[in-house]
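Structure data (TSV, C-alpha atoms) from data-v4.tsv:
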```tsv
chain	number	residue	atom	x	y	z
L	1	MET	CA	38.22	91.76	-6.85
L	2	ASN	CA	40.15	90.75	-9.93
L	3	HIS	CA	37.92	91.62	-12.89
L	4	THR	CA	40.33	90.04	-15.39
L	5	LEU	CA	39.52	86.57	-14.06
L	6	PHE	CA	35.81	87.22	-14.49
L	7	LEU	CA	36.41	88.45	-18.04
L	8	ILE	CA	38.46	85.36	-18.90
L	9	ALA	CA	35.80	83.10	-17.39
L	10	GLY	CA	32.93	84.91	-19.17
L	11	TYR	CA	34.48	85.05	-22.63
L	12	GLY	CA	36.03	81.60	-22.18
L	13	ILE	CA	32.76	79.88	-21.27
L	14	CYS	CA	30.93	81.67	-24.08
L	15	TRP	CA	33.42	80.64	-26.77
L	16	ILE	CA	33.89	77.12	-25.42
L	17	GLY	CA	30.10	76.69	-25.43
L	18	ILE	CA	29.79	77.75	-29.07
L	19	VAL	CA	32.81	75.71	-30.23
L	20	ALA	CA	31.61	72.63	-28.30
L	21	TYR	CA	28.20	72.89	-29.98
L	22	PHE	CA	29.92	73.21	-33.37
L	23	PHE	CA	31.92	70.00	-32.79
L	24	HIS	CA	28.79	68.26	-31.52
L	25	LEU	CA	27.11	69.15	-34.84
L	26	ARG	CA	30.10	67.86	-36.80
L	27	GLN	CA	30.00	64.57	-34.96
L	28	ARG	CA	26.29	64.15	-35.70
L	29	GLU	CA	26.92	65.05	-39.36
L	30	ARG	CA	29.55	62.31	-39.63
L	31	HIS	CA	27.16	59.84	-38.02
L	32	ALA	CA	24.36	60.81	-40.43
L	33	ASN	CA	26.67	60.58	-43.46
L	34	ARG	CA	27.87	57.12	-42.40
L	35	ASN	CA	24.29	55.92	-42.06
L	36	LYS	CA	23.41	57.41	-45.47
L	37	LEU	CA	26.24	55.49	-47.11
L	38	GLU	CA	25.07	52.28	-45.50
L	39	LEU	CA	21.54	52.68	-46.88
D	1	MET	CA	28.04	74.49	-49.29
D	2	LYS	CA	30.27	77.34	-50.48
D	3	THR	CA	27.89	79.95	-49.01
D	4	GLN	CA	27.84	78.08	-45.71
D	5	ARG	CA	31.62	77.96	-45.58
D	6	THR	CA	31.87	81.67	-46.41
D	7	ILE	CA	29.43	82.52	-43.60
D	8	GLY	CA	31.46	80.27	-41.26
D	9	PHE	CA	34.69	82.13	-41.99
D	10	LEU	CA	32.88	85.46	-41.76
D	11	ALA	CA	31.49	84.43	-38.36
D	12	ILE	CA	34.92	83.51	-36.97
D	13	ALA	CA	36.53	86.68	-38.33
D	14	SER	CA	33.77	89.02	-37.14
D	15	VAL	CA	33.58	87.48	-33.64
D	16	ALA	CA	37.38	87.70	-33.36
D	17	VAL	CA	37.48	91.36	-34.46
D	18	ALA	CA	34.46	92.42	-32.37
D	19	SER	CA	35.83	90.66	-29.27
D	20	PHE	CA	39.27	92.18	-29.76
D	21	ILE	CA	37.75	95.67	-29.94
D	22	GLY	CA	35.50	94.99	-26.94
D	23	LEU	CA	38.35	93.61	-24.84
D	24	PHE	CA	41.33	95.74	-25.83
D	25	VAL	CA	40.38	98.81	-27.88
D	26	VAL	CA	37.35	100.44	-26.26
D	27	PRO	CA	38.09	102.07	-22.87
D	28	ALA	CA	36.76	100.56	-19.64
D	29	ASP	CA	33.55	101.97	-18.17
D	30	GLU	CA	34.10	104.82	-15.70
D	31	TYR	CA	31.97	103.28	-12.91
D	32	GLN	CA	31.99	99.52	-13.48
D	33	GLY	CA	35.58	99.30	-14.72
D	34	GLU	CA	36.89	96.36	-16.77
D	35	ILE	CA	34.01	94.04	-15.88
D	36	GLN	CA	31.69	96.10	-18.11
D	37	ARG	CA	33.37	94.39	-21.09
D	38	LEU	CA	31.23	91.32	-20.29
D	39	LEU	CA	28.28	93.33	-21.60
D	40	TYR	CA	29.63	92.80	-25.14
D	41	ILE	CA	28.86	89.09	-24.90
D	42	HIS	CA	26.02	89.14	-22.37
D	43	VAL	CA	23.74	91.32	-24.55
D	44	PRO	CA	24.48	89.44	-27.84
D	45	THR	CA	23.78	86.02	-26.26
D	46	ALA	CA	20.52	87.36	-24.77
D	47	TRP	CA	19.58	88.82	-28.17
D	48	LEU	CA	20.35	85.51	-29.91
D	49	ALA	CA	18.17	83.66	-27.41
D	50	MET	CA	15.23	85.97	-28.17
D	51	LEU	CA	15.88	85.78	-31.93
D	52	SER	CA	16.04	81.96	-31.80
D	53	PHE	CA	12.75	81.66	-29.96
D	54	LEU	CA	11.11	84.11	-32.38
D	55	VAL	CA	12.26	81.84	-35.23
D	56	VAL	CA	10.87	78.83	-33.31
D	57	PHE	CA	7.53	80.61	-32.87
D	58	LEU	CA	7.25	81.49	-36.57
D	59	MET	CA	8.35	78.05	-37.77
D	60	SER	CA	5.97	76.34	-35.34
D	61	LEU	CA	3.08	78.43	-36.64
D	62	LEU	CA	4.08	77.62	-40.22
D	63	TYR	CA	4.21	73.92	-39.36
D	64	LEU	CA	0.76	73.98	-37.75
D	65	VAL	CA	-0.67	75.68	-40.84
D	66	GLN	CA	1.16	73.82	-43.62
D	67	ARG	CA	2.18	70.53	-41.87
D	68	LYS	CA	5.53	70.49	-43.67
D	69	LEU	CA	8.30	68.79	-41.67
D	70	LYS	CA	10.96	71.20	-42.96
D	71	TRP	CA	9.48	73.92	-40.68
D	72	ASP	CA	9.79	71.57	-37.73
D	73	VAL	CA	13.43	70.88	-38.59
D	74	LEU	CA	14.12	74.62	-38.74
D	75	ALA	CA	12.30	75.15	-35.42
D	76	VAL	CA	14.31	72.51	-33.55
D	77	SER	CA	17.52	73.90	-35.07
D	78	ALA	CA	16.71	77.31	-33.60
D	79	VAL	CA	15.69	75.82	-30.25
D	80	GLU	CA	19.05	74.10	-29.77
D	81	ILE	CA	20.89	77.36	-30.42
D	82	GLY	CA	18.39	79.30	-28.30
D	83	VAL	CA	18.92	76.96	-25.34
D	84	LEU	CA	22.69	77.33	-25.70
D	85	SER	CA	22.38	81.14	-25.90
D	86	THR	CA	20.04	81.33	-22.88
D	87	ALA	CA	22.37	79.15	-20.79
D	88	LEU	CA	25.34	81.33	-21.80
D	89	THR	CA	23.35	84.49	-20.99
D	90	LEU	CA	22.67	83.19	-17.47
D	91	ILE	CA	26.27	82.05	-16.88
D	92	VAL	CA	27.86	85.27	-18.19
D	93	GLY	CA	25.20	87.29	-16.36
D	94	SER	CA	26.09	85.54	-13.13
D	95	LEU	CA	29.79	86.32	-13.68
D	96	TYR	CA	28.79	89.94	-14.34
D	97	ALA	CA	26.57	90.08	-11.25
D	98	ARG	CA	29.17	88.91	-8.72
D	99	PRO	CA	31.53	91.93	-8.98
D	100	THR	CA	28.76	94.49	-9.68
D	101	TRP	CA	25.88	93.35	-7.41
D	102	GLY	CA	27.97	91.33	-4.94
D	103	ILE	CA	26.01	88.12	-5.60
D	104	TRP	CA	26.10	85.26	-8.12
D	105	TRP	CA	22.35	84.83	-8.28
D	106	THR	CA	19.17	86.36	-6.92
D	107	TRP	CA	15.51	85.61	-7.55
D	108	ASP	CA	15.12	88.88	-9.42
D	109	PRO	CA	12.25	89.07	-12.00
D	110	ARG	CA	14.61	89.24	-15.01
D	111	LEU	CA	16.80	86.39	-13.81
D	112	THR	CA	13.90	84.20	-12.75
D	113	THR	CA	11.93	84.68	-15.97
D	114	THR	CA	15.08	83.95	-18.02
D	115	ALA	CA	15.69	80.74	-16.05
D	116	LEU	CA	12.06	79.78	-16.71
D	117	LEU	CA	12.59	80.49	-20.43
D	118	LEU	CA	15.51	78.05	-20.43
D	119	ILE	CA	13.41	75.39	-18.67
D	120	ILE	CA	10.53	75.80	-21.17
D	121	TYR	CA	12.79	75.16	-24.18
D	122	ILE	CA	14.67	72.31	-22.50
D	123	GLY	CA	11.17	70.90	-22.00
D	124	TYR	CA	10.58	71.38	-25.75
D	125	LEU	CA	13.60	69.17	-26.48
D	126	ILE	CA	12.56	66.57	-23.89
D	127	VAL	CA	9.02	66.35	-25.31
D	128	ARG	CA	10.50	65.74	-28.77
D	129	SER	CA	12.41	62.74	-27.46
D	130	MET	CA	9.21	61.19	-26.10
D	131	THR	CA	7.87	60.01	-29.45
D	132	GLU	CA	9.45	58.47	-32.54
D	133	ASP	CA	6.66	59.43	-34.93
D	134	PRO	CA	7.99	62.49	-36.85
D	135	GLU	CA	4.50	63.95	-37.43
D	136	GLN	CA	3.41	63.59	-33.82
D	137	ARG	CA	6.74	64.92	-32.58
D	138	ALA	CA	6.49	67.95	-34.85
D	139	ARG	CA	2.89	68.62	-33.76
D	140	TRP	CA	3.68	68.45	-30.03
D	141	ALA	CA	6.80	70.56	-30.48
D	142	ALA	CA	4.98	73.18	-32.57
D	143	VAL	CA	2.34	73.64	-29.85
D	144	ILE	CA	5.08	74.21	-27.24
D	145	GLY	CA	6.95	76.46	-29.69
D	146	VAL	CA	3.88	78.69	-30.03
D	147	ILE	CA	2.75	78.71	-26.38
D	148	GLY	CA	6.30	78.89	-24.99
D	149	PHE	CA	6.98	82.09	-26.91
D	150	ILE	CA	4.72	83.96	-24.47
D	151	GLN	CA	7.68	83.85	-22.09
D	152	VAL	CA	9.91	85.91	-24.42
D	153	PRO	CA	8.05	89.27	-24.07
D	154	ILE	CA	7.66	88.52	-20.34
D	155	VAL	CA	11.46	88.26	-20.03
D	156	TYR	CA	11.94	91.47	-22.03
D	157	LEU	CA	9.33	93.46	-20.10
D	158	SER	CA	10.14	92.02	-16.66
D	159	VAL	CA	12.47	94.93	-15.86
D	160	PHE	CA	9.63	97.39	-16.56
D	161	TRP	CA	6.79	95.44	-14.94
D	162	TRP	CA	8.48	94.64	-11.61
D	163	ARG	CA	11.05	96.33	-9.42
D	164	SER	CA	14.19	94.68	-10.68
D	165	LEU	CA	17.82	94.74	-9.66
D	166	HIS	CA	18.64	94.18	-13.32
D	167	GLN	CA	19.07	97.31	-15.41
D	168	PRO	CA	16.66	98.09	-18.31
D	169	PRO	CA	17.63	96.44	-21.63
D	170	SER	CA	20.98	97.65	-23.01
D	171	SER	CA	21.14	98.44	-26.71
D	172	PRO	CA	23.50	100.38	-29.00
D	173	ARG	CA	21.07	103.32	-28.68
D	174	SER	CA	20.95	103.31	-24.87
D	175	MET	CA	24.74	103.61	-24.54
D	176	ALA	CA	27.28	106.36	-25.25
D	177	ALA	CA	28.24	106.41	-28.95
D	178	GLY	CA	31.62	104.63	-28.68
D	179	PHE	CA	30.37	101.85	-26.40
D	180	GLY	CA	27.16	101.53	-28.42
D	181	LEU	CA	29.08	100.99	-31.64
D	182	VAL	CA	31.18	98.22	-30.09
D	183	LEU	CA	28.01	96.56	-28.79
D	184	LEU	CA	26.47	96.82	-32.27
D	185	LEU	CA	29.59	95.22	-33.78
D	186	ASN	CA	29.36	92.33	-31.32
D	187	LEU	CA	25.63	91.93	-31.97
D	188	ILE	CA	26.29	91.68	-35.72
D	189	ALA	CA	29.21	89.26	-35.24
D	190	TYR	CA	27.26	86.87	-33.01
D	191	THR	CA	24.21	87.07	-35.31
D	192	ILE	CA	26.42	85.90	-38.21
D	193	ALA	CA	27.66	83.03	-36.02
D	194	PHE	CA	24.04	82.20	-35.14
D	195	THR	CA	23.06	82.18	-38.84
D	196	TYR	CA	25.93	79.82	-39.62
D	197	LEU	CA	25.04	77.39	-36.83
D	198	VAL	CA	21.32	77.39	-37.72
D	199	MET	CA	22.13	76.71	-41.38
D	200	ARG	CA	24.40	73.83	-40.45
D	201	ARG	CA	21.96	72.40	-37.92
D	202	TYR	CA	19.08	72.67	-40.41
D	203	LYS	CA	21.03	70.73	-43.03
D	204	LEU	CA	21.86	68.06	-40.46
D	205	GLY	CA	18.22	67.93	-39.34
D	206	GLN	CA	17.08	67.32	-42.91
D	207	ALA	CA	19.63	64.51	-43.34
D	208	GLU	CA	18.56	62.89	-40.06
D	209	LEU	CA	14.89	63.18	-41.01
D	210	ALA	CA	15.54	61.58	-44.41
D	211	LEU	CA	17.27	58.67	-42.67
D	212	GLU	CA	14.43	58.36	-40.19
D	213	LEU	CA	11.80	58.32	-42.93
D	214	ALA	CA	13.83	55.76	-44.90
D	215	GLY	CA	12.96	53.19	-42.22
D	216	PRO	CA	14.25	51.88	-38.92
D	217	GLU	CA	15.58	48.63	-40.42
D	218	GLU	CA	18.13	50.42	-42.55
D	219	GLU	CA	19.18	52.89	-39.89
D	220	LYS	CA	22.07	51.76	-37.73
```
So, in terms of structure tokens, how does the structure I just supplied come out?
Amino acid sequence: MNHTLFLIAGYGICWIGIVAYFFHLRQRERHANRNKLEL
Amino acid sequence: MKTQRTIGFLAIASVAVASFIGLFVVPADEYQGEIQRLLYIHVPTAWLAMLSFLVVFLMSLLYLVQRKLKWDVLAVSAVEIGVLSTALTLIVGSLYARPTWGIWWTWDPRLTTTALLLIIYIGYLIVRSMTEDPEQRARWAAVIGVIGFIQVPIVYLSVFWWRSLHQPPSSPRSMAAGFGLVLLLNLIAYTIAFTYLVMRRYKLGQAELALELAGPEEEK
């Protein structure tokens, strides 16, 4: 069994998960800032 | 803002360095081979999940005692990151299990209790979405945050209480010096990343709460 593929998948999913959550936060921050300006 | 940015850069740098050492510098394990390198992310994500839910427990208790919404905001910030960490622990664990155990998943005590932990805190987030009243939402969530924490020691002790396929908890002390040090480095790196994300999520939570309290007419 090719362990390298499992390593790429494991590390890849972990980092993508964290980065995706970071961008999700950024998007929500932009949304909140826009609403604050409109108040 | 400056502190947050510094922690952000520190998180990226430390995760990059720790991962590089775990993937390319430290030798492969004699028995498990290259796949053992997954341990350097599997253990930190599991640790972050436990740490997050401990924060949730403490913040929920504080909210129930003091009734200050800032504790609720901090609790939900930690829950989101805890849910992400638990999901990553299960996915990486499954990728680790296939080459070492020969299976992707089994209803082993450690795996089952961890899956239940994930379900409990997804439930926490679902319950929050069921009411728009910030006080009521915080109260309901705090009760789940306190009761749900019972599952954390159950997950940790599951490998001692029942006959489990999963090995006992790995820590820098339970491993040979070189491997243990790399694990410690990864634990520190991911804890910095966790701190950064919680700080950012907390700030966002406060901004969203302020908008919510300002009134629904103004909010678009």
Please determine, counting all atoms listed in the file, which residue among D:Val143, D:Ile12, D:Ile119, D:Ile35 has the shortest atom-to-atom distance to chain L.
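Once distances to chain L are computed over all atoms listed in the file, the minimum belongs to D:Ile35.
Atom CA of Phe194 of chain D is found 19.0 Å from atom CA of Gly22 of chain D.
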May I ask you to extract the residues of chain L within 7 Å of chain D, using all atoms listed in the file, and to give them as a list in words?
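Therefore, the residues near the partner are His3, Phe6, Leu7, Gly10, Cys14, Leu25, Glu29, Ala32, Asn35, Lys36 and Leu39 of chain L.
Among the candidate residues D:Asn186, D:Thr100, D:Thr114, D:Thr131, the one lying nearest to Val17 of chain D is D:Asn186, with distances computed using only C-alpha atoms.
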Of the listed residues D:Ala141, D:Ala46, D:Ile147, D:Ile188, that which approaches Leu10 of chain D most closely, counting only C-alpha atoms
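Smallest separation from Leu10 of chain D among the options: D:Ile188.
In this model, the gap between atom CA of Arg110 of chain D and atom CA of Tyr190 of chain D comes to 22.1 Å.
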Would you compute, for all listed atoms of segment 8-22 of chain L, the axis-aligned bounding box grown by 5 Å on each side, and then report its centre and edge lengths in Å rounded to one decimal, as JSON?
```
{"center_x": 33.3, "center_y": 79.0, "center_z": -25.4, "size_x": 20.3, "size_y": 22.7, "size_z": 26.0}
```
Give the answer as one residue: which of D:Gly82, D:Pro44, D:Gly8, D:Pro169 has the shortest atom-to-atom distance to Gly145 of chain D, using all atoms listed in the file?
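Under the stated criterion, the closest residue is D:Gly82.
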In Å, with one decimal, what is the gap from atom CA of His166 of chain D to atom CA of Ile154 of chain D?
14.2 Å
List as an NGL selection string: which residues have an atom within 6 Å of (14.5, 83.3, -23.0), counting only C-alpha atoms?
:D and (49-50 or 86 or 114 or 117-118 or 152)
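Proximity of D:Ser14, D:Val26, D:Tyr63, D:Phe9 to Gly180 of chain D, computed with all atoms listed in the file, is greatest for D:Val26.
If you measure from each of D:Ile150, D:Leu185, D:Leu90, D:Val73 to Ile13 of chain L using all atoms listed in the file, the closest one turns out to be D:Leu90.
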